[in-house]
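Inspection log for the structure reproduced underneath, given as structure tokens.
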Amino acid sequence: MSCTKFKLTTVAALVLAATQANAALYTVVEVESPVTANETYGVAIQPSTGSALGNLGCFDENATSAECEGYKLAGETRNSVEAVSYREEVPFAMDTAFQYIQDRDDFEYYCDRELKYSTCESWANKRWSTWSREKSNLASVNSQAFIEGDSAPISQYNSVINALDSSAAPLGIESDGTSIRNNAITTASLNSTTSETRAWDSLTVGSTTYNVGSISTSNSNDNGSYFNSRAAIWDGTNQVSISWVSGSSQTGDFLAQGSMRGLAEKGNVLYGVGYNNEDGSGDLQDLSASIFVSSGLDLANDTWTTRVISGARVESSDDYLYSNSVATDINDNLLVIGHAKRRGEVPENGSASTKMFVVPDASVSSPSASFLSGGIFFSGAGGEAKSVNNFNEIVGQVDAESNREIDGKERRHRGFIYPYNDSVDATRSAIFNNKAWWLDDLTNDGNATGANNHFRILDATDINDAGVISATAVKCTVNGSDQAYDTTSHNSYCGGAGSGAVEEVVAVKLVPIAGATSANIQTRGTETPTVERQGAGLGVLALAVLGFIGFRRK
């Protein structure tokens, strides 16, 4: 009798182990950079246009690894902390006077005013170290962008990728090594008379491919020679720059700016999203999240209207809750996502970070922001909504703890996915139990020694319709070799407290597991007491840079 019980127990344990080994929604696939760097980030994923899979995409039980692992990832390297965003038109997505980047104390002043960490001195020192080096040597390289499988980065100079088109060609920004900032990488040419350009997204309608971003013209103020930028769209033959809401290019030292970050089409109307500038009562050329609406598909003859998103604008009913805001993406359902940076003077629950919002329908005449709340979006949670696919699946980064950042330290962050509650396919959203998740919970297969447990997902930057996600993770290594975390818990040690254990920041893509359902979700536990992580990776860049202070499309 006891022998029978032993055999049954053994069989049950083996069955349970086999089940847990496959109990997850995603497989984590590391993507290596062609160049050696301190840290590597996943920033964009190839679209899944033309996929033979149905609405379940790579969750379909018939999905193959050849297709689902075949979507290429775009990545970027960093050797030191990013000082002034390589993406943004203006420093910190708000400094239209370019006043916070003149000397080291300006960086600290920005931190003291807008972030209010107790660590602003060291925060400023790290960024000034990078910025002063880049200003003194215009060919200095800190960020090199690459596409998975390539043997070299896309440029020998600083470069970033905001999106990949269907052929995995990059859209983004690259330096030419002779100026402090940068020019667009696009699939269609731009007028060469522009001084600075940025490419953020592309959309093909019929036989026409539209690119969106910003184009700039030189201007100056008391702080030096800089530029104005306008939200722009171009198709290789025509280019259109959209007028500023304020109507003026400059107010004192404040230079007007605009940018288009995403594009969709419906009913022969183009809907762009990004930000445009408003004067506001302080005449500060405020940058507020906006929707750009065309009168048709003909760039040569269309007219464009800017609709500023209420609830996320910098000035609202004489109140200034936000220092800047941006709409970061839009899908075919006209669902808009974005985030607004809370002003340092009016924090929420101990934080002055960015707050995520959606606009359910870009076609309405008076769009309004609905801020994400509930579940992982706790009251006062900061984060960035970075990409949304056509199944209304939003990915980005969210605070993973609720400690006070005001007079304290920056919170930890984690990548998330949220099937927005107006999802277009109930079967697909049911895979996630119709709610938002930290991606760490969806990569947990219950196997503490398995490959997935080598990683914790810090940030999710892009998602295609097949469900494949570009992301950035920390990876546990001990004495130079990959190793699983000690347990599957969220805050597990990497190699215990012993020497030789570090966490490396790496680019990864998350590939849906064929046939996976909500029954395969295993939430990670949390160990008590909370451990302090070991290793240089997090201390140098991961917790600070991965907020990507510069707002970005993908």
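Numbering starts fresh at 1 for the residues of each chain in the structure tokens, the chains themselves are lettered A, B, ... in the order given, and ligands are numbered from 1 as they appear.
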
- Query: Got a sec to tell me which of segment 346-553 of chain A DSSP assigns to helix (DSSP H, G or I), as number ranges by chain?
  - Reply: A: 426-430, 439-442, 451-454, 518-520, 536-545

- Task: Excluding segment 269-271 of chain A and any residue of its chain fewer than 2 positions from it, enumerate the residues within 9 Å of it, using only C-alpha atoms, and give them as a list in words.
- Result: Gly262, Leu263, Ala264, Glu265, Lys266, Gly267, Val273, Ile291, Phe292, Val293, Ser294, Ser295, Gly296, Leu297, Ile330, Leu334, Ala362 and Ser363 of chain A

Limited to N, CA and C atoms, could you put the picked residues into a file as a PDB file, in the first residue's frame?
ATOM      1  N   GLY A 262       3.181  58.692 -34.170  1.00  0.00           N
ATOM      2  CA  GLY A 262       2.483  57.522 -34.696  1.00  0.00           C
ATOM      3  C   GLY A 262       1.449  57.950 -35.715  1.00  0.00           C
ATOM      4  N   LEU A 263       0.978  57.011 -36.547  1.00  0.00           N
ATOM      5  CA  LEU A 263       0.048  57.336 -37.632  1.00  0.00           C
ATOM      6  C   LEU A 263      -0.896  56.173 -37.879  1.00  0.00           C
ATOM      7  N   ALA A 264      -2.160  56.496 -38.148  1.00  0.00           N
ATOM      8  CA  ALA A 264      -3.167  55.509 -38.534  1.00  0.00           C
ATOM      9  C   ALA A 264      -4.051  56.123 -39.613  1.00  0.00           C
ATOM     10  N   GLU A 265      -4.763  55.255 -40.319  1.00  0.00           N
ATOM     11  CA  GLU A 265      -5.684  55.719 -41.365  1.00  0.00           C
ATOM     12  C   GLU A 265      -7.032  55.038 -41.207  1.00  0.00           C
ATOM     13  N   LYS A 266      -8.093  55.793 -41.376  1.00  0.00           N
ATOM     14  CA  LYS A 266      -9.430  55.218 -41.347  1.00  0.00           C
ATOM     15  C   LYS A 266     -10.359  56.127 -42.136  1.00  0.00           C
ATOM     16  N   GLY A 267     -11.101  55.546 -43.064  1.00  0.00           N
ATOM     17  CA  GLY A 267     -12.046  56.327 -43.863  1.00  0.00           C
ATOM     18  C   GLY A 267     -11.379  57.401 -44.691  1.00  0.00           C
ATOM     19  N   VAL A 273      -0.393  61.190 -34.122  1.00  0.00           N
ATOM     20  CA  VAL A 273      -0.364  61.512 -32.693  1.00  0.00           C
ATOM     21  C   VAL A 273       1.037  61.948 -32.312  1.00  0.00           C
ATOM     22  N   ILE A 291      -3.512  65.259 -31.241  1.00  0.00           N
ATOM     23  CA  ILE A 291      -3.878  64.418 -32.373  1.00  0.00           C
ATOM     24  C   ILE A 291      -3.942  65.308 -33.604  1.00  0.00           C
ATOM     25  N   PHE A 292      -3.307  64.860 -34.691  1.00  0.00           N
ATOM     26  CA  PHE A 292      -3.257  65.622 -35.940  1.00  0.00           C
ATOM     27  C   PHE A 292      -4.165  64.928 -36.956  1.00  0.00           C
ATOM     28  N   VAL A 293      -5.130  65.648 -37.514  1.00  0.00           N
ATOM     29  CA  VAL A 293      -6.148  65.053 -38.383  1.00  0.00           C
ATOM     30  C   VAL A 293      -6.077  65.689 -39.767  1.00  0.00           C
ATOM     31  N   SER A 294      -5.978  64.851 -40.798  1.00  0.00           N
ATOM     32  CA  SER A 294      -5.901  65.347 -42.174  1.00  0.00           C
ATOM     33  C   SER A 294      -7.297  65.423 -42.789  1.00  0.00           C
ATOM     34  N   SER A 295      -7.376  66.127 -43.903  1.00  0.00           N
ATOM     35  CA  SER A 295      -8.631  66.181 -44.652  1.00  0.00           C
ATOM     36  C   SER A 295      -8.692  65.098 -45.717  1.00  0.00           C
ATOM     37  N   GLY A 296      -7.614  64.357 -45.913  1.00  0.00           N
ATOM     38  CA  GLY A 296      -7.585  63.299 -46.911  1.00  0.00           C
ATOM     39  C   GLY A 296      -6.239  62.618 -46.928  1.00  0.00           C
ATOM     40  N   LEU A 297      -5.906  61.981 -48.059  1.00  0.00           N
ATOM     41  CA  LEU A 297      -4.669  61.218 -48.175  1.00  0.00           C
ATOM     42  C   LEU A 297      -3.653  61.875 -49.100  1.00  0.00           C
ATOM     43  N   ILE A 330      -0.793  55.057 -31.902  1.00  0.00           N
ATOM     44  CA  ILE A 330      -2.202  54.920 -32.288  1.00  0.00           C
ATOM     45  C   ILE A 330      -2.312  53.655 -33.128  1.00  0.00           C
ATOM     46  N   LEU A 334      -8.055  53.328 -33.863  1.00  0.00           N
ATOM     47  CA  LEU A 334      -7.954  54.729 -33.439  1.00  0.00           C
ATOM     48  C   LEU A 334      -7.845  54.868 -31.928  1.00  0.00           C
ATOM     49  N   ALA A 362      -9.676  58.439 -31.588  1.00  0.00           N
ATOM     50  CA  ALA A 362      -8.976  59.631 -32.076  1.00  0.00           C
ATOM     51  C   ALA A 362      -9.842  60.486 -32.980  1.00  0.00           C
ATOM     52  N   SER A 363     -10.965  59.967 -33.454  1.00  0.00           N
ATOM     53  CA  SER A 363     -11.773  60.713 -34.419  1.00  0.00           C
ATOM     54  C   SER A 363     -12.715  61.722 -33.767  1.00  0.00           C
TER      55      SER A 363
END

Please run DSSP on the backbone and report, as a short mmCIF file (atom, residue, chain, number, x, y, z; two decimals) with C-alpha atoms, in the first residue's frame, all residues within segment 332-459 of chain A that come out as strand (DSSP E or B).
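Once written, result.cif looks like this:
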data_model
loop_
_atom_site.label_atom_id
_atom_site.label_comp_id
_atom_site.auth_asym_id
_atom_site.auth_seq_id
_atom_site.Cartn_x
_atom_site.Cartn_y
_atom_site.Cartn_z
CA VAL A 336 -4.41 56.44 -28.71
CA ILE A 337 -1.92 55.92 -25.89
CA GLY A 338 0.42 58.37 -24.19
CA HIS A 339 1.75 59.77 -20.95
CA ALA A 340 2.04 63.08 -19.10
CA LYS A 341 4.89 64.10 -16.81
CA ARG A 342 3.61 65.24 -13.42
CA GLU A 348 0.91 62.50 -6.66
CA SER A 351 5.98 60.77 -7.11
CA THR A 354 4.85 60.23 -15.85
CA LYS A 355 1.24 59.04 -15.80
CA MET A 356 -0.19 56.87 -18.59
CA PHE A 357 -3.42 57.58 -20.45
CA VAL A 358 -5.56 56.40 -23.35
CA VAL A 359 -7.91 58.17 -25.74
CA SER A 368 -9.89 63.56 -23.67
CA SER A 370 -8.41 58.64 -19.48
CA PHE A 371 -5.56 57.77 -17.10
CA GLY A 374 -6.40 49.80 -10.90
CA PHE A 377 -1.59 50.91 -12.11
CA GLY A 383 5.07 54.72 -16.18
CA GLU A 384 5.22 55.11 -19.93
CA ALA A 385 2.80 53.64 -22.46
CA LYS A 386 5.02 52.96 -25.46
CA SER A 387 3.24 50.85 -28.07
CA VAL A 388 -0.18 49.44 -28.92
CA GLU A 393 -2.57 45.31 -26.39
CA ILE A 394 -0.59 48.11 -24.75
CA VAL A 395 3.00 47.60 -23.61
CA GLY A 396 5.35 49.84 -21.68
CA GLN A 397 6.96 50.33 -18.32
CA VAL A 398 5.35 50.85 -14.90
CA ASP A 399 6.53 51.44 -11.34
CA HIS A 413 10.35 49.62 -12.91
CA ARG A 414 8.95 46.60 -14.75
CA GLY A 415 7.65 45.95 -18.23
CA PHE A 416 3.89 45.42 -18.56
CA ILE A 417 1.17 44.42 -21.02
CA TYR A 418 -2.44 45.56 -20.85
CA PRO A 419 -5.19 44.24 -23.16
CA TRP A 437 0.21 42.17 -15.95
CA TRP A 438 3.85 42.66 -15.18
CA PHE A 455 15.68 37.22 -16.80
CA ARG A 456 13.50 39.92 -15.24
CA ILE A 457 11.74 42.25 -17.69
CA LEU A 458 12.49 45.93 -17.04
CA ASP A 459 10.76 47.52 -20.02
#

- Task: Calculate how many Å separate atom CA of Tyr117 of chain A from atom CA of Met94 of chain A, rounding to one decimal.
- Result: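 Interatomic distance, atom CA of Tyr117 of chain A to atom CA of Met94 of chain A: 18.5 Å.
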
- Can you work out which one of A:Ala484, A:Val29, A:Ala139, A:Ala466 has the shortest atom-to-atom distance to Gly177 of chain A, counting only C-alpha atoms? A:Ala139

- Task: Excluding Asp482 of chain A and residues on its chain fewer than 6 positions from it, collect all residues at most 12 Å away from it, counting only C-alpha atoms, and give them as a ChimeraX atom specification.
- Result: /A:30,449-455,474-476,494-495,500-504,506

Those selected residues, please, written with all heavy atoms and delivered as a CSV table (one decimal), in the first residue's frame.
chain,number,residue,atom,x,y,z
A,30,GLU,N,17.1,36.1,-25.8
A,30,GLU,CA,18.0,37.2,-25.8
A,30,GLU,C,18.5,37.5,-27.2
A,30,GLU,O,18.8,36.6,-28.0
A,30,GLU,CB,19.2,36.9,-24.9
A,30,GLU,CG,20.2,38.0,-24.7
A,30,GLU,CD,21.4,37.7,-23.8
A,30,GLU,OE1,21.3,36.6,-23.2
A,30,GLU,OE2,22.3,38.5,-23.7
A,449,THR,N,15.2,26.7,-12.4
A,449,THR,CA,16.5,26.5,-13.1
A,449,THR,C,16.4,26.7,-14.6
A,449,THR,O,17.4,26.5,-15.3
A,449,THR,CB,17.1,25.1,-12.7
A,449,THR,OG1,16.2,24.1,-13.2
A,449,THR,CG2,17.3,25.0,-11.2
A,450,GLY,N,15.2,27.0,-15.0
A,450,GLY,CA,15.0,27.1,-16.5
A,450,GLY,C,15.5,28.4,-17.1
A,450,GLY,O,15.9,29.3,-16.4
A,451,ALA,N,15.5,28.4,-18.4
A,451,ALA,CA,16.0,29.5,-19.2
A,451,ALA,C,15.3,30.8,-18.9
A,451,ALA,O,15.9,31.9,-18.8
A,451,ALA,CB,16.0,29.2,-20.7
A,452,ASN,N,14.0,30.8,-18.8
A,452,ASN,CA,13.2,32.0,-18.6
A,452,ASN,C,13.5,32.7,-17.3
A,452,ASN,O,13.4,33.9,-17.1
A,452,ASN,CB,11.7,31.7,-18.6
A,452,ASN,CG,11.1,31.9,-20.0
A,452,ASN,OD1,11.8,32.0,-21.0
A,452,ASN,ND2,9.7,32.0,-20.0
A,453,ASN,N,14.0,31.9,-16.3
A,453,ASN,CA,14.3,32.4,-15.0
A,453,ASN,C,15.6,33.1,-14.9
A,453,ASN,O,16.1,33.5,-13.9
A,453,ASN,CB,14.1,31.4,-13.9
A,453,ASN,CG,13.9,32.0,-12.5
A,453,ASN,OD1,13.2,32.9,-12.3
A,453,ASN,ND2,14.6,31.5,-11.5
A,454,HIS,N,16.3,33.2,-16.1
A,454,HIS,CA,17.6,34.0,-16.1
A,454,HIS,C,17.3,35.5,-16.2
A,454,HIS,O,18.2,36.3,-16.1
A,454,HIS,CB,18.4,33.6,-17.4
A,454,HIS,CG,19.0,32.2,-17.3
A,454,HIS,ND1,20.0,31.8,-18.1
A,454,HIS,CD2,18.7,31.1,-16.5
A,454,HIS,CE1,20.3,30.6,-17.8
A,454,HIS,NE2,19.6,30.1,-16.8
A,455,PHE,N,16.0,35.8,-16.5
A,455,PHE,CA,15.7,37.2,-16.8
A,455,PHE,C,14.6,37.8,-15.9
A,455,PHE,O,13.7,37.1,-15.4
A,455,PHE,CB,15.2,37.3,-18.3
A,455,PHE,CG,16.1,36.7,-19.3
A,455,PHE,CD1,16.0,35.4,-19.7
A,455,PHE,CD2,17.2,37.5,-19.8
A,455,PHE,CE1,16.9,34.9,-20.6
A,455,PHE,CE2,18.0,37.0,-20.7
A,455,PHE,CZ,17.9,35.6,-21.1
A,474,VAL,N,17.0,42.5,-17.2
A,474,VAL,CA,18.3,42.2,-16.5
A,474,VAL,C,18.4,40.7,-16.5
A,474,VAL,O,17.5,39.9,-16.3
A,474,VAL,CB,18.3,42.8,-15.0
A,474,VAL,CG1,18.5,44.2,-15.1
A,474,VAL,CG2,17.0,42.4,-14.3
A,475,LYS,N,19.7,40.3,-16.7
A,475,LYS,CA,20.0,38.9,-16.8
A,475,LYS,C,21.0,38.5,-15.7
A,475,LYS,O,22.0,39.3,-15.5
A,475,LYS,CB,20.6,38.5,-18.2
A,475,LYS,CG,21.0,37.1,-18.3
A,475,LYS,CD,21.6,36.8,-19.7
A,475,LYS,CE,23.0,37.5,-19.9
A,475,LYS,NZ,23.6,37.1,-21.1
A,476,CYS,N,20.7,37.4,-15.0
A,476,CYS,CA,21.6,37.0,-13.9
A,476,CYS,C,22.8,36.3,-14.5
A,476,CYS,O,22.7,35.4,-15.3
A,476,CYS,CB,20.8,36.1,-13.0
A,476,CYS,SG,21.8,35.4,-11.6
A,494,CYS,N,20.3,37.1,-7.3
A,494,CYS,CA,21.1,36.6,-8.4
A,494,CYS,C,22.3,36.0,-7.8
A,494,CYS,O,23.2,36.8,-7.4
A,494,CYS,CB,21.4,37.6,-9.4
A,494,CYS,SG,22.6,37.2,-10.7
A,495,GLY,N,22.4,34.7,-7.6
A,495,GLY,CA,23.6,34.1,-7.1
A,495,GLY,C,23.8,34.4,-5.6
A,495,GLY,O,24.9,34.4,-5.1
A,500,GLY,N,30.9,37.6,-7.4
A,500,GLY,CA,30.9,37.2,-8.8
A,500,GLY,C,29.5,37.2,-9.5
A,500,GLY,O,29.4,37.0,-10.7
A,501,ALA,N,28.5,37.5,-8.7
A,501,ALA,CA,27.1,37.6,-9.2
A,501,ALA,C,26.8,39.0,-9.6
A,501,ALA,O,26.9,40.0,-8.8
A,501,ALA,CB,26.1,37.1,-8.2
A,502,VAL,N,26.3,39.2,-10.9
A,502,VAL,CA,25.9,40.5,-11.4
A,502,VAL,C,24.7,40.4,-12.2
A,502,VAL,O,24.3,39.3,-12.7
A,502,VAL,CB,27.0,41.2,-12.2
A,502,VAL,CG1,28.3,41.4,-11.4
A,502,VAL,CG2,27.4,40.4,-13.4
A,503,GLU,N,24.0,41.5,-12.4
A,503,GLU,CA,22.9,41.6,-13.4
A,503,GLU,C,23.3,42.4,-14.5
A,503,GLU,O,23.6,43.6,-14.4
A,503,GLU,CB,21.6,42.1,-12.6
A,503,GLU,CG,21.1,41.2,-11.6
A,503,GLU,CD,19.9,41.8,-10.9
A,503,GLU,OE1,20.1,42.9,-10.3
A,503,GLU,OE2,18.8,41.2,-10.9
A,504,GLU,N,23.2,41.8,-15.7
A,504,GLU,CA,23.5,42.6,-17.0
A,504,GLU,C,22.2,43.0,-17.6
A,504,GLU,O,21.2,42.3,-17.6
A,504,GLU,CB,24.3,41.6,-17.9
A,504,GLU,CG,25.6,41.2,-17.4
A,504,GLU,CD,26.3,40.3,-18.3
A,504,GLU,OE1,25.8,40.0,-19.5
A,504,GLU,OE2,27.4,39.8,-18.0
A,506,VAL,N,20.2,43.6,-20.9
A,506,VAL,CA,20.2,43.0,-22.2
A,506,VAL,C,19.0,43.2,-23.0
A,506,VAL,O,17.9,43.4,-22.4
A,506,VAL,CB,20.5,41.4,-22.1
A,506,VAL,CG1,21.9,41.2,-21.5
A,506,VAL,CG2,19.4,40.7,-21.3

- Phe378 of chain A proximity check over A:Asp286, A:Leu53, A:Val43, A:Ser402, using only C-alpha atoms: winner is A:Ser402

- Query: Quick one: residues within 7 Å of Asp235 of chain A, only C-alpha atoms counted, chain neighbours fewer than 4 positions away excluded, as an NGL selection string?
  - Reply: :A and (188 or 208-211 or 239)

For the selection you just gave me, I'd like the residues written to a file as a compact mmCIF listing (two decimals), in the first residue's frame, keeping all heavy atoms.
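Output file again.txt follows:
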# COMPACT_ATOMS: atom_id res chain seq x y z
N ALA A 188 12.00 57.20 -46.79
CA ALA A 188 11.71 58.18 -47.84
C ALA A 188 12.51 59.43 -47.55
O ALA A 188 12.74 59.79 -46.40
CB ALA A 188 10.22 58.49 -47.90
N THR A 208 1.22 54.07 -51.24
CA THR A 208 1.94 55.20 -50.66
C THR A 208 2.40 54.88 -49.25
O THR A 208 1.61 54.41 -48.42
CB THR A 208 1.06 56.46 -50.62
OG1 THR A 208 0.64 56.78 -51.95
CG2 THR A 208 1.84 57.65 -50.05
N THR A 209 3.68 55.13 -48.97
CA THR A 209 4.21 54.98 -47.62
C THR A 209 4.43 56.36 -47.02
O THR A 209 5.14 57.19 -47.59
CB THR A 209 5.54 54.21 -47.61
OG1 THR A 209 5.30 52.87 -48.07
CG2 THR A 209 6.13 54.15 -46.21
N TYR A 210 3.78 56.59 -45.90
CA TYR A 210 3.91 57.86 -45.18
C TYR A 210 4.88 57.66 -44.02
O TYR A 210 4.82 56.66 -43.31
CB TYR A 210 2.56 58.32 -44.62
CG TYR A 210 1.48 58.50 -45.65
CD1 TYR A 210 0.56 57.48 -45.92
CD2 TYR A 210 1.35 59.69 -46.36
CE1 TYR A 210 -0.44 57.64 -46.86
CE2 TYR A 210 0.34 59.86 -47.31
CZ TYR A 210 -0.55 58.83 -47.55
OH TYR A 210 -1.54 58.99 -48.48
N ASN A 211 5.79 58.62 -43.84
CA ASN A 211 6.68 58.65 -42.69
C ASN A 211 6.31 59.84 -41.83
O ASN A 211 5.93 60.89 -42.35
CB ASN A 211 8.13 58.80 -43.14
CG ASN A 211 8.62 57.59 -43.90
OD1 ASN A 211 9.20 56.69 -43.32
ND2 ASN A 211 8.40 57.57 -45.21
N GLN A 239 6.31 66.76 -48.44
CA GLN A 239 6.45 66.80 -46.99
C GLN A 239 5.62 67.96 -46.45
O GLN A 239 5.52 69.02 -47.06
CB GLN A 239 7.91 66.96 -46.57
CG GLN A 239 8.56 68.27 -46.89
CD GLN A 239 10.01 68.29 -46.43
OE1 GLN A 239 10.76 67.35 -46.65
NE2 GLN A 239 10.42 69.38 -45.81

- Query: Could you name the residues that touch Ala430 of chain A at 8 Å or less, counting only C-alpha atoms, but leaving out those on the same chain fewer than 3 positions away, as number ranges by chain?
  - Reply: A: 426-427, 433-434, 517-518

- Name all residues at most 7 Å from Gly515 of chain A (count only C-alpha atoms; drop same-chain ones fewer than 6 positions away) and give them as a PyMOL selection string. chain A and resi 59-61

Once you have the residues from the selection above, write them out as a PDB file, in the first residue's frame, restricted to N, CA, C and O atoms.
ATOM      1  N   PHE A  59       0.086  32.999 -30.372  1.00  0.00           N
ATOM      2  CA  PHE A  59      -0.542  32.171 -29.344  1.00  0.00           C
ATOM      3  C   PHE A  59      -1.315  31.006 -29.954  1.00  0.00           C
ATOM      4  O   PHE A  59      -1.746  30.089 -29.247  1.00  0.00           O
ATOM      5  N   ASP A  60      -1.547  31.032 -31.265  1.00  0.00           N
ATOM      6  CA  ASP A  60      -2.253  29.956 -31.943  1.00  0.00           C
ATOM      7  C   ASP A  60      -1.476  28.650 -31.777  1.00  0.00           C
ATOM      8  O   ASP A  60      -0.242  28.631 -31.866  1.00  0.00           O
ATOM      9  N   GLU A  61      -2.190  27.574 -31.558  1.00  0.00           N
ATOM     10  CA  GLU A  61      -1.522  26.286 -31.304  1.00  0.00           C
ATOM     11  C   GLU A  61      -0.736  25.810 -32.517  1.00  0.00           C
ATOM     12  O   GLU A  61       0.148  24.958 -32.397  1.00  0.00           O
TER      13      GLU A  61
END

- Query: What does the distance between atom CA of Ser489 of chain A and atom CA of Glu527 of chain A come to in Å, to one decimal place?
  - Reply: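 Interatomic distance, atom CA of Ser489 of chain A to atom CA of Glu527 of chain A: 6.4 Å.
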
- Note on the structure: Among A:Thr237, A:Asn331, A:Ala44, A:Gly149, Trp200 of chain A is approached most closely, using only C-alpha atoms, by A:Ala44
